[in-house]
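Comments concern the structure below.
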Amino acid sequence: PPPPAAQEEEKPLHYEAIFRSACTLLLDVASSEHSFLTSFFGDADSFDHVFGKSIFFAMENLEQHLVTSWDAVGCLLLVHVNTAQRDAMAARPVPLLANFFARVQVLVWSRFKAIMEAHVQSVSAFMPSGKAPETAPHYVARRYAELVASLRSLKVASVEPMLGSILRVLWTEVEKLLSERLARQHPTLKHQAALLINNYDLVVHTLAERGARGEESTHFEQLLDQVKTVFVEEQLLADNGKMISFVKQAEPLLVPGAPPEDAAKVDKGAMEHLTREFYDKWKAGIEAIHRDVVQSFSNFKLGMDILKQVLTQLLLYYTRFLDLVKQAFPHGPPFAQYILSIPTLMNEIKHFSRNF
């Protein structure tokens with residue numbers, strides 16, 4: 001029966017709490033009875049007859065509960081409780097209870113595996129609607145992160161290797177869902193990257209906040225870094241694609257030691273056009289980047305981090321572009337008045353980074 005305090009407050013008791021109390025009572029009474037039989041009769045041959053039905057009833061009750069349970073966290077908690085009871089019983093010579101706890105371990109773990117396999121199959125079979133989803137975190141990613149955080153926080157050492165194997169299969173299916181079925185509904189790489197960043201960031205931060213870091217955290221952190229790089233490049237290509245392409249094409253032609261005929265291939269007219277275009281549109285371009293980032297990322301800290309990366313990469317590309325201008329015009333270009341200074345660009349970038 002529940003403790004009097006629980007009865008008075010009418011608090012619902014989870015099965016795991018009842019199971020722990022029942023097992024603790026069984027362990028204490030059985031150990032005491034085993035000691036009495038040994039001391040009084042000289043042996044404990046009748047112990048199995050005395051407690052056999054009680055243990056059978058406990059197993060039957062557990063089986064009835066597990067048959068209808070789809071609670072993976074509850075099952076892992078039962079494994080944790082059972083492991084603690086087995087450790088407490090280790091110093092007590094009660095073979096019948098040793099067999100009981102071993103059977104409980106097998107029974108509960110089997111049910112846990114079945115539940116987790118059902119989760120994996122559910123994610124694998126999930127097909128999003130034909131409409132492209134928003135780039136905000138998807139509810140599947142949120143539920144996955146909460147489930148893994150709960151399982152990891154229990155820290156059940158006795159099944160850690162097997163749990164890790166199951167969770168690796170689950171994260172593979174979640175990753176496929178996000179990257180292959182949800183992200184690809186968006187027509188552009190930028191929007192695909194934004195969706196993945198939001199979802200990967202949700203998983204990483206949920207696990208960190210719950211103190212449940214593990215293999216999943218490392219894996220999704222790596223994915224997050226990779227897709228951030230994709231987003232930064234795609235964001236810059238949208239408004240500064242011509243300058244970026246020019247930099248990548250012209251740099252090999254103007255490297256120190258390159259033959260003169262390579263330098264002659266550099267289109268100086270295009271260089272002047274790009275300089276003037278950037279001078280005329282740089283402020284509006286930074287404002288457009290700011291708007292896009294705000295719309296793409298609902299998480300404030302994440303958005304600030306992405307914005308800083310985009311603007312820093314813009315500064316690097318522009319610096320490389322000016323280096324090409326200096327190499328193409330050693331004595332100064334005829335369009336020098338249209339060259340935006342690096343300090344001016346840096347000040348504007350700092351302004352947006354502070355105020356996002």
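Ligands are numbered from 1 in the order shown, chains are lettered A, B, ... in the order of the structure tokens, and residues start at 1 in each chain.
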
- Message: Applying 8 Å and only C-alpha atoms, which residues near range 69-75 of chain A remain after dropping the ones on its own chain fewer than 2 positions away? List them as a list in words.
- Response: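 Near neighbours after the sequence-gap exclusion: Glu16, His65, Leu66, Val67, Leu77, Leu78, Val79, Val108, Trp109, Arg111, Phe112, Ile115, Met116, Leu147, Ser150 and Leu151 of chain A.
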
Next, dump the selected residues to file, keeping only N, CA and C atoms, as a PDB file, in the first residue's frame.
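Just written: selection_14.pdb:
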```
ATOM      1  N   GLU A  16       6.859   2.351 -10.951  1.00  0.00           N
ATOM      2  CA  GLU A  16       8.256   2.145 -10.569  1.00  0.00           C
ATOM      3  C   GLU A  16       8.453   2.342  -9.061  1.00  0.00           C
ATOM      4  N   HIS A  65       1.961  -5.587 -16.112  1.00  0.00           N
ATOM      5  CA  HIS A  65       2.259  -4.154 -16.309  1.00  0.00           C
ATOM      6  C   HIS A  65       3.022  -3.921 -17.611  1.00  0.00           C
ATOM      7  N   LEU A  66       4.026  -4.734 -17.871  1.00  0.00           N
ATOM      8  CA  LEU A  66       4.886  -4.514 -19.035  1.00  0.00           C
ATOM      9  C   LEU A  66       4.147  -4.750 -20.351  1.00  0.00           C
ATOM     10  N   VAL A  67       3.198  -5.677 -20.346  1.00  0.00           N
ATOM     11  CA  VAL A  67       2.475  -5.996 -21.578  1.00  0.00           C
ATOM     12  C   VAL A  67       1.780  -4.770 -22.145  1.00  0.00           C
ATOM     13  N   LEU A  77      13.944   2.913 -15.851  1.00  0.00           N
ATOM     14  CA  LEU A  77      13.941   3.183 -14.411  1.00  0.00           C
ATOM     15  C   LEU A  77      13.763   1.889 -13.626  1.00  0.00           C
ATOM     16  N   LEU A  78      12.928   0.979 -14.140  1.00  0.00           N
ATOM     17  CA  LEU A  78      12.772  -0.328 -13.492  1.00  0.00           C
ATOM     18  C   LEU A  78      14.092  -1.111 -13.524  1.00  0.00           C
ATOM     19  N   VAL A  79      14.810  -1.016 -14.632  1.00  0.00           N
ATOM     20  CA  VAL A  79      16.124  -1.667 -14.717  1.00  0.00           C
ATOM     21  C   VAL A  79      17.060  -1.082 -13.663  1.00  0.00           C
ATOM     22  N   VAL A 108      12.291  -6.952 -18.163  1.00  0.00           N
ATOM     23  CA  VAL A 108      12.143  -5.499 -18.345  1.00  0.00           C
ATOM     24  C   VAL A 108      12.991  -5.019 -19.516  1.00  0.00           C
ATOM     25  N   TRP A 109      14.205  -5.525 -19.637  1.00  0.00           N
ATOM     26  CA  TRP A 109      15.067  -5.081 -20.745  1.00  0.00           C
ATOM     27  C   TRP A 109      14.486  -5.491 -22.097  1.00  0.00           C
ATOM     28  N   ARG A 111      11.342  -5.749 -22.818  1.00  0.00           N
ATOM     29  CA  ARG A 111      10.251  -4.818 -23.119  1.00  0.00           C
ATOM     30  C   ARG A 111      10.792  -3.457 -23.530  1.00  0.00           C
ATOM     31  N   PHE A 112      11.848  -3.016 -22.869  1.00  0.00           N
ATOM     32  CA  PHE A 112      12.469  -1.738 -23.228  1.00  0.00           C
ATOM     33  C   PHE A 112      12.959  -1.763 -24.676  1.00  0.00           C
ATOM     34  N   ILE A 115      10.046  -1.467 -27.058  1.00  0.00           N
ATOM     35  CA  ILE A 115       9.516  -0.101 -27.117  1.00  0.00           C
ATOM     36  C   ILE A 115      10.421   0.783 -27.954  1.00  0.00           C
ATOM     37  N   MET A 116      11.738   0.682 -27.759  1.00  0.00           N
ATOM     38  CA  MET A 116      12.677   1.514 -28.507  1.00  0.00           C
ATOM     39  C   MET A 116      12.683   1.144 -29.996  1.00  0.00           C
ATOM     40  N   LEU A 147      13.395  12.590 -24.951  1.00  0.00           N
ATOM     41  CA  LEU A 147      13.493  11.156 -24.637  1.00  0.00           C
ATOM     42  C   LEU A 147      14.929  10.766 -24.321  1.00  0.00           C
ATOM     43  N   SER A 150      16.148  12.106 -21.009  1.00  0.00           N
ATOM     44  CA  SER A 150      15.608  11.351 -19.866  1.00  0.00           C
ATOM     45  C   SER A 150      16.334  10.023 -19.691  1.00  0.00           C
ATOM     46  N   LEU A 151      16.570   9.332 -20.790  1.00  0.00           N
ATOM     47  CA  LEU A 151      17.244   8.029 -20.708  1.00  0.00           C
ATOM     48  C   LEU A 151      18.681   8.190 -20.244  1.00  0.00           C
TER      49      LEU A 151
END
```

- Write out as a list in words the residues lying within 7 Å of range 142-145 of chain A, counting only C-alpha atoms and excluding same-chain residues fewer than 2 positions away. His138, Tyr139, Val140, Leu147, Val148, Ala149, Leu202, Val203, Thr206 and Leu207 of chain A

Could you turn the residues from that selection into a file that holds N, CA, C and O atoms, as a PDB file, in the first residue's frame?
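Wrote it out as part-v2.pdb, contents follow:
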```
ATOM      1  N   HIS A 138      11.343  21.076 -35.413  1.00  0.00           N
ATOM      2  CA  HIS A 138      10.234  20.151 -35.647  1.00  0.00           C
ATOM      3  C   HIS A 138       9.918  19.405 -34.353  1.00  0.00           C
ATOM      4  O   HIS A 138      10.803  19.131 -33.543  1.00  0.00           O
ATOM      5  N   TYR A 139       8.653  19.057 -34.181  1.00  0.00           N
ATOM      6  CA  TYR A 139       8.253  18.406 -32.919  1.00  0.00           C
ATOM      7  C   TYR A 139       8.913  17.046 -32.745  1.00  0.00           C
ATOM      8  O   TYR A 139       9.131  16.594 -31.607  1.00  0.00           O
ATOM      9  N   VAL A 140       9.261  16.365 -33.827  1.00  0.00           N
ATOM     10  CA  VAL A 140       9.944  15.075 -33.699  1.00  0.00           C
ATOM     11  C   VAL A 140      11.324  15.267 -33.068  1.00  0.00           C
ATOM     12  O   VAL A 140      11.735  14.482 -32.204  1.00  0.00           O
ATOM     13  N   LEU A 147      13.395  12.590 -24.951  1.00  0.00           N
ATOM     14  CA  LEU A 147      13.493  11.156 -24.637  1.00  0.00           C
ATOM     15  C   LEU A 147      14.929  10.766 -24.321  1.00  0.00           C
ATOM     16  O   LEU A 147      15.198  10.113 -23.303  1.00  0.00           O
ATOM     17  N   VAL A 148      15.852  11.160 -25.180  1.00  0.00           N
ATOM     18  CA  VAL A 148      17.259  10.795 -24.972  1.00  0.00           C
ATOM     19  C   VAL A 148      17.793  11.426 -23.692  1.00  0.00           C
ATOM     20  O   VAL A 148      18.542  10.787 -22.938  1.00  0.00           O
ATOM     21  N   ALA A 149      17.416  12.674 -23.438  1.00  0.00           N
ATOM     22  CA  ALA A 149      17.863  13.339 -22.211  1.00  0.00           C
ATOM     23  C   ALA A 149      17.385  12.581 -20.975  1.00  0.00           C
ATOM     24  O   ALA A 149      18.137  12.411 -20.000  1.00  0.00           O
ATOM     25  N   LEU A 202      18.519  22.525 -31.194  1.00  0.00           N
ATOM     26  CA  LEU A 202      17.555  22.127 -30.165  1.00  0.00           C
ATOM     27  C   LEU A 202      18.010  20.857 -29.454  1.00  0.00           C
ATOM     28  O   LEU A 202      17.981  20.772 -28.217  1.00  0.00           O
ATOM     29  N   VAL A 203      18.449  19.864 -30.219  1.00  0.00           N
ATOM     30  CA  VAL A 203      18.899  18.602 -29.631  1.00  0.00           C
ATOM     31  C   VAL A 203      20.114  18.834 -28.738  1.00  0.00           C
ATOM     32  O   VAL A 203      20.165  18.373 -27.584  1.00  0.00           O
ATOM     33  N   THR A 206      19.146  20.861 -25.532  1.00  0.00           N
ATOM     34  CA  THR A 206      18.293  20.105 -24.614  1.00  0.00           C
ATOM     35  C   THR A 206      19.119  19.104 -23.817  1.00  0.00           C
ATOM     36  O   THR A 206      18.973  18.983 -22.596  1.00  0.00           O
ATOM     37  N   LEU A 207      20.019  18.399 -24.491  1.00  0.00           N
ATOM     38  CA  LEU A 207      20.868  17.429 -23.805  1.00  0.00           C
ATOM     39  C   LEU A 207      21.808  18.124 -22.821  1.00  0.00           C
ATOM     40  O   LEU A 207      22.037  17.621 -21.710  1.00  0.00           O
TER      41      LEU A 207
END
```

- Message: Please list as a list in words every residue within 9 Å of Ser153 in chain A, counting only C-alpha atoms and excluding residues in the same chain fewer than 6 positions away.
- Response: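 So, after excluding close chain neighbours, the residues are Arg210, Gly211, Ala212 and Arg213 of chain A.
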
Would you write out those residues with C-alpha atoms, as a CSV table (one decimal), in the first residue's frame?
```csv
chain,number,residue,atom,x,y,z
A,210,ARG,CA,19.5,18.3,-18.8
A,211,GLY,CA,23.1,17.3,-18.0
A,212,ALA,CA,22.7,14.3,-20.3
A,213,ARG,CA,25.6,14.7,-22.7
```

- Enumerate as a PyMOL selection string all residues of range 115-275 of chain A assigned to alpha helix (DSSP H) by DSSP on the backbone, naming them with the chain letters and numbers the document uses. chain A and resi 115-125+139-154+160-176+189-209+215-250+260-264+268-275

Selected residues written out with C-alpha atoms, as a CSV table (one decimal), in the first residue's frame:
```
chain,number,residue,atom,x,y,z
A,115,ILE,CA,9.5,-0.1,-27.1
A,116,MET,CA,12.7,1.5,-28.5
A,117,GLU,CA,12.4,-0.5,-31.7
A,118,ALA,CA,8.9,0.7,-32.1
A,119,HIS,CA,10.2,4.3,-31.7
A,120,VAL,CA,12.8,3.7,-34.4
A,121,GLN,CA,10.2,2.2,-36.8
A,122,SER,CA,7.9,5.1,-36.1
A,123,VAL,CA,10.5,7.7,-37.0
A,124,SER,CA,11.6,5.6,-40.0
A,125,ALA,CA,8.0,5.5,-41.3
A,139,TYR,CA,8.3,18.4,-32.9
A,140,VAL,CA,9.9,15.1,-33.7
A,141,ALA,CA,13.3,16.6,-32.9
A,142,ARG,CA,12.0,18.0,-29.7
A,143,ARG,CA,10.5,14.7,-28.6
A,144,TYR,CA,13.7,12.8,-29.5
A,145,ALA,CA,15.8,15.2,-27.5
A,146,GLU,CA,13.6,15.0,-24.4
A,147,LEU,CA,13.5,11.2,-24.6
A,148,VAL,CA,17.3,10.8,-25.0
A,149,ALA,CA,17.9,13.3,-22.2
A,150,SER,CA,15.6,11.4,-19.9
A,151,LEU,CA,17.2,8.0,-20.7
A,152,ARG,CA,20.8,9.4,-20.4
A,153,SER,CA,20.1,11.2,-17.1
A,154,LEU,CA,19.3,7.8,-15.4
A,160,GLU,CA,25.1,1.4,-20.9
A,161,PRO,CA,26.7,-0.4,-23.9
A,162,MET,CA,23.4,-1.9,-25.0
A,163,LEU,CA,21.6,1.5,-24.5
A,164,GLY,CA,24.3,3.2,-26.5
A,165,SER,CA,23.8,0.8,-29.4
A,166,ILE,CA,20.0,1.4,-29.4
A,167,LEU,CA,20.3,5.2,-29.2
A,168,ARG,CA,22.8,5.2,-32.2
A,169,VAL,CA,20.1,3.5,-34.3
A,170,LEU,CA,17.5,6.0,-33.2
A,171,TRP,CA,19.7,9.1,-33.9
A,172,THR,CA,20.4,7.7,-37.4
A,173,GLU,CA,16.7,7.6,-38.2
A,174,VAL,CA,16.1,11.0,-36.7
A,175,GLU,CA,19.0,12.4,-38.7
A,176,LYS,CA,17.6,10.8,-41.9
A,189,LEU,CA,20.2,25.1,-49.6
A,190,LYS,CA,19.9,28.1,-47.3
A,191,HIS,CA,16.5,27.2,-46.1
A,192,GLN,CA,17.5,23.5,-45.8
A,193,ALA,CA,20.5,24.5,-43.7
A,194,ALA,CA,18.3,26.8,-41.5
A,195,LEU,CA,15.9,24.0,-40.7
A,196,LEU,CA,18.8,21.6,-39.9
A,197,ILE,CA,20.5,24.2,-37.7
A,198,ASN,CA,17.4,24.9,-35.7
A,199,ASN,CA,16.7,21.2,-35.1
A,200,TYR,CA,20.3,20.2,-34.4
A,201,ASP,CA,20.7,23.2,-32.0
A,202,LEU,CA,17.6,22.1,-30.2
A,203,VAL,CA,18.9,18.6,-29.6
A,204,VAL,CA,22.3,19.8,-28.5
A,205,HIS,CA,21.0,22.4,-26.0
A,206,THR,CA,18.3,20.1,-24.6
A,207,LEU,CA,20.9,17.4,-23.8
A,208,ALA,CA,23.2,20.0,-22.3
A,209,GLU,CA,20.5,21.6,-20.2
A,215,GLU,CA,27.5,10.3,-27.9
A,216,GLU,CA,24.4,12.0,-29.3
A,217,SER,CA,25.7,15.4,-28.2
A,218,THR,CA,29.0,15.0,-29.9
A,219,HIS,CA,27.4,13.7,-33.1
A,220,PHE,CA,24.8,16.5,-33.4
A,221,GLU,CA,27.4,19.2,-32.4
A,222,GLN,CA,29.5,18.0,-35.4
A,223,LEU,CA,26.5,18.1,-37.7
A,224,LEU,CA,25.6,21.6,-36.4
A,225,ASP,CA,29.0,23.0,-37.1
A,226,GLN,CA,29.0,21.5,-40.7
A,227,VAL,CA,25.5,22.9,-41.5
A,228,LYS,CA,26.3,26.3,-40.1
A,229,THR,CA,29.2,26.6,-42.6
A,230,VAL,CA,26.7,25.8,-45.4
A,231,PHE,CA,24.2,28.4,-44.2
A,232,VAL,CA,26.9,31.1,-43.9
A,233,GLU,CA,28.1,30.5,-47.5
A,234,GLU,CA,24.6,30.3,-48.9
A,235,GLN,CA,23.5,33.5,-47.1
A,236,LEU,CA,26.5,35.4,-48.6
A,237,LEU,CA,26.0,34.0,-52.1
A,238,ALA,CA,22.5,35.4,-52.1
A,239,ASP,CA,23.7,39.1,-52.2
A,240,ASN,CA,27.4,38.9,-52.7
A,241,GLY,CA,27.7,35.8,-55.0
A,242,LYS,CA,29.4,37.7,-57.9
A,243,MET,CA,32.2,39.1,-55.6
A,244,ILE,CA,32.7,35.7,-54.0
A,245,SER,CA,32.9,33.9,-57.4
A,246,PHE,CA,35.4,36.6,-58.6
A,247,VAL,CA,37.6,36.2,-55.6
A,248,LYS,CA,37.7,32.4,-56.0
A,249,GLN,CA,38.5,32.6,-59.7
A,250,ALA,CA,41.0,35.5,-59.5
A,260,PRO,CA,52.3,37.4,-66.1
A,261,GLU,CA,49.9,35.8,-68.6
A,262,ASP,CA,47.8,34.6,-65.7
A,263,ALA,CA,47.5,38.1,-64.2
A,264,ALA,CA,46.4,39.4,-67.6
A,268,LYS,CA,39.8,44.5,-64.3
A,269,GLY,CA,36.5,45.9,-65.7
A,270,ALA,CA,34.6,43.4,-63.6
A,271,MET,CA,36.8,44.2,-60.6
A,272,GLU,CA,35.8,47.9,-60.9
A,273,HIS,CA,32.1,47.1,-61.4
A,274,LEU,CA,32.1,44.9,-58.3
A,275,THR,CA,33.9,47.6,-56.2
```

- Query: For Thr344 in chain A, which of A:Leu322, A:Ala258, A:Leu315, A:Val266 is the closest residue, counting only C-alpha atoms?
  - Reply: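 Smallest separation from Thr344 in chain A among the options: A:Leu315.
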
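Note that the spacing between CA of Lys265 in chain A and CA of Tyr338 in chain A amounts to 22.9 Å.
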
- May I ask for the distance between CA of Glu277 in chain A and CA of Val255 in chain A, given in Å to one decimal place?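 Calculated distance between CA of Glu277 in chain A and CA of Val255 in chain A is 24.7 Å.
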
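Taking CA of Val294 in chain A and CA of Phe278 in chain A as endpoints, the distance between them is 22.7 Å.
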
Would you pick out the contacts of Asn99 in chain A at 12 Å or less, using only C-alpha atoms, so that residues sharing its chain but fewer than 6 positions from it are not included, and give the list as a compact mmCIF listing (two decimals) with N, CA, C and O atoms, in the first residue's frame?
```
# COMPACT_ATOMS: atom_id res chain seq x y z
N ASP A 48 11.90 -22.06 -0.33
CA ASP A 48 11.26 -21.93 -1.65
C ASP A 48 9.76 -22.15 -1.55
O ASP A 48 8.98 -21.49 -2.26
N GLY A 52 7.80 -19.06 -2.62
CA GLY A 52 7.62 -19.31 -4.05
C GLY A 52 6.41 -18.61 -4.62
O GLY A 52 6.47 -17.97 -5.69
N ILE A 55 6.84 -14.73 -4.85
CA ILE A 55 7.70 -14.31 -5.96
C ILE A 55 6.98 -14.52 -7.29
O ILE A 55 7.08 -13.70 -8.22
N PHE A 56 6.21 -15.63 -7.39
CA PHE A 56 5.43 -15.86 -8.61
C PHE A 56 4.42 -14.73 -8.82
O PHE A 56 4.25 -14.24 -9.95
N MET A 59 6.21 -11.60 -10.09
CA MET A 59 6.56 -11.70 -11.50
C MET A 59 5.33 -11.55 -12.38
O MET A 59 5.37 -10.88 -13.43
N ARG A 86 19.51 -5.76 -6.74
CA ARG A 86 20.45 -6.89 -6.89
C ARG A 86 21.74 -6.61 -6.14
O ARG A 86 22.33 -7.51 -5.51
N MET A 89 21.22 -7.12 -2.53
CA MET A 89 21.03 -8.52 -2.17
C MET A 89 22.33 -9.32 -2.30
O MET A 89 22.41 -10.46 -1.83
N ALA A 90 23.36 -8.73 -2.92
CA ALA A 90 24.57 -9.48 -3.24
C ALA A 90 25.19 -10.15 -2.02
O ALA A 90 25.73 -11.26 -2.12
N PRO A 93 22.65 -14.51 1.28
CA PRO A 93 22.59 -15.83 0.64
C PRO A 93 21.16 -16.30 0.38
O PRO A 93 20.65 -17.21 1.05
N GLN A 105 15.33 -8.55 -14.68
CA GLN A 105 16.23 -7.81 -15.58
C GLN A 105 15.98 -8.19 -17.03
O GLN A 105 15.88 -7.32 -17.90
N VAL A 106 15.88 -9.47 -17.29
CA VAL A 106 15.66 -9.94 -18.66
C VAL A 106 14.31 -9.49 -19.17
O VAL A 106 14.17 -9.02 -20.32
```

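For the set A:Met304, A:Val29, A:Ile289, A:Ile342, the residue with the smallest atom-to-atom gap to Tyr317 in chain A is A:Ile342, counting only C-alpha atoms.
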